[in-house]
>>> print(open('structure_36.cif').read())   # mmCIF, N, CA and C atoms
data_input
#
loop_
_atom_site.label_atom_id
_atom_site.label_comp_id
_atom_site.auth_asym_id
_atom_site.auth_seq_id
_atom_site.Cartn_x
_atom_site.Cartn_y
_atom_site.Cartn_z
N MET A 1 -21.88 -59.97 63.81
CA MET A 1 -20.61 -59.56 63.22
C MET A 1 -20.87 -58.59 62.07
N ALA A 2 -20.15 -57.48 62.05
CA ALA A 2 -20.35 -56.48 61.02
C ALA A 2 -19.75 -56.95 59.70
N GLU A 3 -20.44 -56.64 58.64
CA GLU A 3 -19.95 -57.02 57.31
C GLU A 3 -18.85 -56.04 56.90
N THR A 4 -17.73 -56.58 56.39
CA THR A 4 -16.64 -55.71 55.95
C THR A 4 -16.91 -55.22 54.55
N THR A 5 -16.37 -54.05 54.25
CA THR A 5 -16.52 -53.50 52.91
C THR A 5 -15.44 -54.06 52.02
N ASN A 6 -15.62 -53.90 50.74
CA ASN A 6 -14.64 -54.37 49.77
C ASN A 6 -13.27 -53.73 50.05
N SER A 7 -13.25 -52.44 50.35
CA SER A 7 -11.97 -51.77 50.59
C SER A 7 -11.31 -52.29 51.87
N GLU A 8 -12.10 -52.64 52.88
CA GLU A 8 -11.54 -53.21 54.10
C GLU A 8 -10.93 -54.58 53.82
N GLU A 9 -11.60 -55.36 52.99
CA GLU A 9 -11.07 -56.68 52.61
C GLU A 9 -9.78 -56.53 51.82
N GLN A 10 -9.75 -55.56 50.91
CA GLN A 10 -8.54 -55.34 50.12
C GLN A 10 -7.39 -54.91 51.03
N ALA A 11 -7.66 -54.03 51.99
CA ALA A 11 -6.62 -53.58 52.91
C ALA A 11 -6.10 -54.75 53.75
N ALA A 12 -7.00 -55.61 54.18
CA ALA A 12 -6.59 -56.78 54.96
C ALA A 12 -5.72 -57.71 54.12
N ARG A 13 -6.08 -57.92 52.86
CA ARG A 13 -5.27 -58.79 51.98
C ARG A 13 -3.89 -58.18 51.75
N LEU A 14 -3.83 -56.85 51.58
CA LEU A 14 -2.54 -56.20 51.38
C LEU A 14 -1.67 -56.33 52.62
N ARG A 15 -2.26 -56.14 53.80
CA ARG A 15 -1.48 -56.30 55.05
C ARG A 15 -0.96 -57.73 55.18
N GLU A 16 -1.79 -58.70 54.82
CA GLU A 16 -1.35 -60.10 54.88
C GLU A 16 -0.21 -60.36 53.90
N ALA A 17 -0.33 -59.83 52.69
CA ALA A 17 0.72 -60.01 51.68
C ALA A 17 2.02 -59.36 52.15
N GLU A 18 1.93 -58.16 52.73
CA GLU A 18 3.12 -57.49 53.25
C GLU A 18 3.79 -58.34 54.33
N ALA A 19 2.99 -58.89 55.23
CA ALA A 19 3.54 -59.72 56.31
C ALA A 19 4.21 -60.97 55.77
N LEU A 20 3.59 -61.60 54.77
CA LEU A 20 4.19 -62.80 54.19
C LEU A 20 5.49 -62.48 53.48
N HIS A 21 5.54 -61.37 52.75
CA HIS A 21 6.78 -60.97 52.09
C HIS A 21 7.87 -60.72 53.12
N LEU A 22 7.51 -60.08 54.22
CA LEU A 22 8.48 -59.79 55.27
C LEU A 22 9.01 -61.09 55.88
N LEU A 23 8.12 -62.05 56.14
CA LEU A 23 8.53 -63.34 56.69
C LEU A 23 9.48 -64.08 55.75
N GLU A 24 9.26 -63.90 54.46
CA GLU A 24 10.10 -64.58 53.45
C GLU A 24 11.40 -63.83 53.21
N GLY A 25 11.60 -62.71 53.91
CA GLY A 25 12.82 -61.92 53.72
C GLY A 25 12.79 -61.13 52.42
N ASN A 26 11.60 -60.84 51.92
CA ASN A 26 11.45 -60.11 50.67
C ASN A 26 10.36 -59.04 50.84
N PRO A 27 10.63 -58.03 51.70
CA PRO A 27 9.60 -57.02 51.95
C PRO A 27 9.28 -56.21 50.69
N LEU A 28 8.07 -55.67 50.64
CA LEU A 28 7.69 -54.83 49.50
C LEU A 28 8.55 -53.58 49.49
N THR A 29 8.94 -53.16 48.30
CA THR A 29 9.72 -51.94 48.15
C THR A 29 8.80 -50.73 48.25
N ASP A 30 9.40 -49.55 48.39
CA ASP A 30 8.61 -48.31 48.41
C ASP A 30 7.83 -48.16 47.11
N ALA A 31 8.46 -48.55 45.99
CA ALA A 31 7.79 -48.44 44.69
C ALA A 31 6.60 -49.39 44.61
N GLU A 32 6.75 -50.59 45.15
CA GLU A 32 5.63 -51.55 45.16
C GLU A 32 4.50 -51.06 46.04
N MET A 33 4.84 -50.51 47.21
CA MET A 33 3.82 -49.97 48.10
C MET A 33 3.07 -48.82 47.42
N ALA A 34 3.81 -47.96 46.72
CA ALA A 34 3.18 -46.84 46.00
C ALA A 34 2.27 -47.35 44.89
N MET A 35 2.69 -48.41 44.21
CA MET A 35 1.88 -48.99 43.14
C MET A 35 0.56 -49.50 43.68
N PHE A 36 0.60 -50.26 44.79
CA PHE A 36 -0.63 -50.79 45.36
C PHE A 36 -1.51 -49.67 45.91
N ALA A 37 -0.90 -48.62 46.47
CA ALA A 37 -1.68 -47.47 46.94
C ALA A 37 -2.38 -46.80 45.77
N MET A 38 -1.68 -46.68 44.63
CA MET A 38 -2.28 -46.09 43.43
C MET A 38 -3.47 -46.93 42.96
N PHE A 39 -3.30 -48.26 42.95
CA PHE A 39 -4.40 -49.14 42.55
C PHE A 39 -5.64 -48.85 43.40
N ASP A 40 -5.45 -48.76 44.71
CA ASP A 40 -6.57 -48.52 45.61
C ASP A 40 -7.16 -47.12 45.40
N ARG A 41 -6.29 -46.13 45.34
CA ARG A 41 -6.72 -44.74 45.19
C ARG A 41 -7.54 -44.54 43.92
N GLU A 42 -7.09 -45.19 42.83
CA GLU A 42 -7.75 -45.00 41.53
C GLU A 42 -8.82 -46.05 41.25
N GLY A 43 -9.02 -46.97 42.19
CA GLY A 43 -10.08 -47.96 42.07
C GLY A 43 -9.91 -48.95 40.93
N TRP A 44 -8.67 -49.38 40.70
CA TRP A 44 -8.40 -50.33 39.62
C TRP A 44 -9.05 -51.67 39.93
N SER A 45 -9.60 -52.31 38.91
CA SER A 45 -10.17 -53.65 39.07
C SER A 45 -9.02 -54.66 39.23
N HIS A 46 -9.36 -55.84 39.73
CA HIS A 46 -8.33 -56.87 39.89
C HIS A 46 -7.75 -57.27 38.53
N ALA A 47 -8.58 -57.32 37.51
CA ALA A 47 -8.10 -57.68 36.17
C ALA A 47 -7.12 -56.64 35.65
N LYS A 48 -7.42 -55.36 35.87
CA LYS A 48 -6.52 -54.29 35.41
C LYS A 48 -5.20 -54.32 36.19
N ARG A 49 -5.30 -54.56 37.49
CA ARG A 49 -4.08 -54.65 38.32
C ARG A 49 -3.20 -55.80 37.83
N ARG A 50 -3.82 -56.95 37.62
CA ARG A 50 -3.08 -58.14 37.17
C ARG A 50 -2.40 -57.89 35.83
N ALA A 51 -3.14 -57.30 34.90
CA ALA A 51 -2.58 -57.01 33.57
C ALA A 51 -1.40 -56.06 33.68
N PHE A 52 -1.51 -55.06 34.53
CA PHE A 52 -0.44 -54.08 34.71
C PHE A 52 0.82 -54.76 35.26
N ILE A 53 0.64 -55.58 36.31
CA ILE A 53 1.79 -56.26 36.94
C ILE A 53 2.42 -57.26 35.98
N LEU A 54 1.60 -58.00 35.26
CA LEU A 54 2.15 -58.94 34.27
C LEU A 54 2.90 -58.19 33.17
N GLY A 55 2.39 -57.04 32.76
CA GLY A 55 3.08 -56.23 31.76
C GLY A 55 4.45 -55.79 32.27
N LEU A 56 4.52 -55.41 33.54
CA LEU A 56 5.82 -55.03 34.12
C LEU A 56 6.78 -56.21 34.11
N ALA A 57 6.27 -57.38 34.47
CA ALA A 57 7.12 -58.57 34.53
C ALA A 57 7.64 -58.97 33.15
N ARG A 58 6.87 -58.66 32.12
CA ARG A 58 7.26 -59.04 30.76
C ARG A 58 8.15 -58.01 30.08
N THR A 59 8.28 -56.82 30.68
CA THR A 59 9.08 -55.75 30.09
C THR A 59 10.52 -55.88 30.56
N PRO A 60 11.46 -56.09 29.63
CA PRO A 60 12.87 -56.22 30.04
C PRO A 60 13.35 -55.00 30.82
N GLY A 61 14.01 -55.26 31.93
CA GLY A 61 14.58 -54.19 32.73
C GLY A 61 13.61 -53.58 33.74
N SER A 62 12.34 -53.98 33.70
CA SER A 62 11.40 -53.38 34.63
C SER A 62 11.44 -54.07 36.00
N VAL A 63 11.93 -55.29 36.04
CA VAL A 63 12.04 -56.03 37.30
C VAL A 63 13.52 -56.17 37.60
N PRO A 64 13.96 -55.68 38.77
CA PRO A 64 15.39 -55.76 39.09
C PRO A 64 15.89 -57.19 39.12
N ALA A 65 17.09 -57.39 38.59
CA ALA A 65 17.73 -58.71 38.63
C ALA A 65 18.25 -58.95 40.04
N GLU A 66 18.30 -60.21 40.44
CA GLU A 66 18.83 -60.54 41.77
C GLU A 66 20.32 -60.67 41.74
#
>>> encode(input="structure_36.cif", output="structure tokens")
Amino acid sequence: MAETTNSEEQAARLREAEALHLLEGNPLTDAEMAMFAMFDREGWSHAKRRAFILGLARTPGSVPAE
């Protein structure tokens, strides 16, 4: 069995997350897809990604109200 690269593993995790969101009736938005693509393109670490997303969640008005 061929060993997968880190980027292949990340892509697989993103596809799985997208599928789970879709099953839950909460698909990723275009903005969310662009954000994750930027993370991959710019090679952000998991810690930096997490800090960025948590910062968005803590900023009033950055997360749409339901």
>>> atom_distance(input="structure_36.cif", atom1="atom CA of A:Arg13", atom2="atom CA of A:Asp40")
12.2 Å
>>> select_by_dssp(input="structure_36.cif", residues="chain A", states="helix (DSSP H, G or I)", output="ChimeraX atom specification")
/A:6-23,30-42,46-58
>>> atom_distance(input="structure_36.cif", atom1="atom CA of A:Glu24", atom2="atom C of A:Arg41")
28.3 Å
>>> atom_distance(input="structure_36.cif", atom1="atom C of A:Arg49", atom2="atom N of A:Glu32")
13.4 Å
>>> closest_residue(input="structure_36.cif", among="A:Phe52, A:Glu9, A:Ala19, A:Thr59", to="A:Met38", atoms="only C-alpha atoms")
A:Phe52
>>> residues_near_point(input="structure_36.cif", point="(-0.7, -50.7, 43.3)", cutoff="5 Å", atoms="all atoms listed in the file", output="JSON, numbers by chain")
{"A": [34, 35, 36, 37, 38, 39]}
>>> build_atoms(input="structure_36.cif", residues="stretch 18-29 of chain A", atoms="all heavy atoms", output="short mmCIF file (atom, residue, chain, number, x, y, z; two decimals), keeping the file's coordinate frame")
data_model
loop_
_atom_site.label_atom_id
_atom_site.label_comp_id
_atom_site.auth_asym_id
_atom_site.auth_seq_id
_atom_site.Cartn_x
_atom_site.Cartn_y
_atom_site.Cartn_z
N GLU A 18 1.93 -58.16 52.73
CA GLU A 18 3.12 -57.49 53.25
C GLU A 18 3.79 -58.34 54.33
O GLU A 18 5.02 -58.48 54.35
CB GLU A 18 2.74 -56.12 53.82
CG GLU A 18 2.30 -55.12 52.78
CD GLU A 18 1.70 -53.87 53.40
OE1 GLU A 18 1.62 -53.75 54.64
OE2 GLU A 18 1.30 -52.99 52.63
N ALA A 19 2.99 -58.89 55.23
CA ALA A 19 3.54 -59.72 56.31
C ALA A 19 4.21 -60.97 55.77
O ALA A 19 5.29 -61.35 56.23
CB ALA A 19 2.43 -60.09 57.30
N LEU A 20 3.59 -61.60 54.77
CA LEU A 20 4.19 -62.80 54.19
C LEU A 20 5.49 -62.48 53.48
O LEU A 20 6.47 -63.23 53.59
CB LEU A 20 3.20 -63.47 53.23
CG LEU A 20 1.98 -64.09 53.90
CD1 LEU A 20 0.97 -64.55 52.86
CD2 LEU A 20 2.38 -65.23 54.81
N HIS A 21 5.54 -61.37 52.75
CA HIS A 21 6.78 -60.97 52.09
C HIS A 21 7.87 -60.72 53.12
O HIS A 21 9.03 -61.10 52.93
CB HIS A 21 6.57 -59.71 51.23
CG HIS A 21 6.04 -59.99 49.88
ND1 HIS A 21 6.85 -60.26 48.81
CD2 HIS A 21 4.77 -60.05 49.40
CE1 HIS A 21 6.12 -60.47 47.74
NE2 HIS A 21 4.85 -60.35 48.08
N LEU A 22 7.51 -60.08 54.22
CA LEU A 22 8.48 -59.79 55.27
C LEU A 22 9.01 -61.09 55.88
O LEU A 22 10.21 -61.25 56.09
CB LEU A 22 7.84 -58.92 56.34
CG LEU A 22 8.75 -58.38 57.42
CD1 LEU A 22 9.88 -57.55 56.82
CD2 LEU A 22 7.95 -57.55 58.40
N LEU A 23 8.12 -62.05 56.14
CA LEU A 23 8.53 -63.34 56.69
C LEU A 23 9.48 -64.08 55.75
O LEU A 23 10.37 -64.80 56.20
CB LEU A 23 7.32 -64.23 56.97
CG LEU A 23 6.49 -63.87 58.21
CD1 LEU A 23 5.23 -64.70 58.25
CD2 LEU A 23 7.31 -64.05 59.47
N GLU A 24 9.26 -63.90 54.46
CA GLU A 24 10.10 -64.58 53.45
C GLU A 24 11.40 -63.83 53.21
O GLU A 24 12.22 -64.26 52.40
CB GLU A 24 9.33 -64.70 52.14
CG GLU A 24 8.13 -65.61 52.23
CD GLU A 24 7.24 -65.55 51.01
OE1 GLU A 24 7.44 -64.66 50.16
OE2 GLU A 24 6.34 -66.39 50.90
N GLY A 25 11.60 -62.71 53.91
CA GLY A 25 12.82 -61.92 53.72
C GLY A 25 12.79 -61.13 52.42
O GLY A 25 13.84 -60.77 51.89
N ASN A 26 11.60 -60.84 51.92
CA ASN A 26 11.45 -60.11 50.67
C ASN A 26 10.36 -59.04 50.84
O ASN A 26 9.29 -59.13 50.23
CB ASN A 26 11.06 -61.10 49.55
CG ASN A 26 10.98 -60.43 48.20
OD1 ASN A 26 11.62 -59.43 47.97
ND2 ASN A 26 10.15 -60.98 47.33
N PRO A 27 10.63 -58.03 51.70
CA PRO A 27 9.60 -57.02 51.95
C PRO A 27 9.28 -56.21 50.69
O PRO A 27 10.12 -56.09 49.79
CB PRO A 27 10.21 -56.13 53.03
CG PRO A 27 11.68 -56.33 52.89
CD PRO A 27 11.88 -57.73 52.38
N LEU A 28 8.07 -55.67 50.64
CA LEU A 28 7.69 -54.83 49.50
C LEU A 28 8.55 -53.58 49.49
O LEU A 28 8.86 -53.01 50.54
CB LEU A 28 6.21 -54.43 49.62
CG LEU A 28 5.20 -55.57 49.51
CD1 LEU A 28 3.79 -55.04 49.74
CD2 LEU A 28 5.28 -56.26 48.17
N THR A 29 8.94 -53.16 48.30
CA THR A 29 9.72 -51.94 48.15
C THR A 29 8.80 -50.73 48.25
O THR A 29 7.57 -50.84 48.18
CB THR A 29 10.44 -51.91 46.79
OG1 THR A 29 9.44 -51.82 45.77
CG2 THR A 29 11.31 -53.13 46.58
#
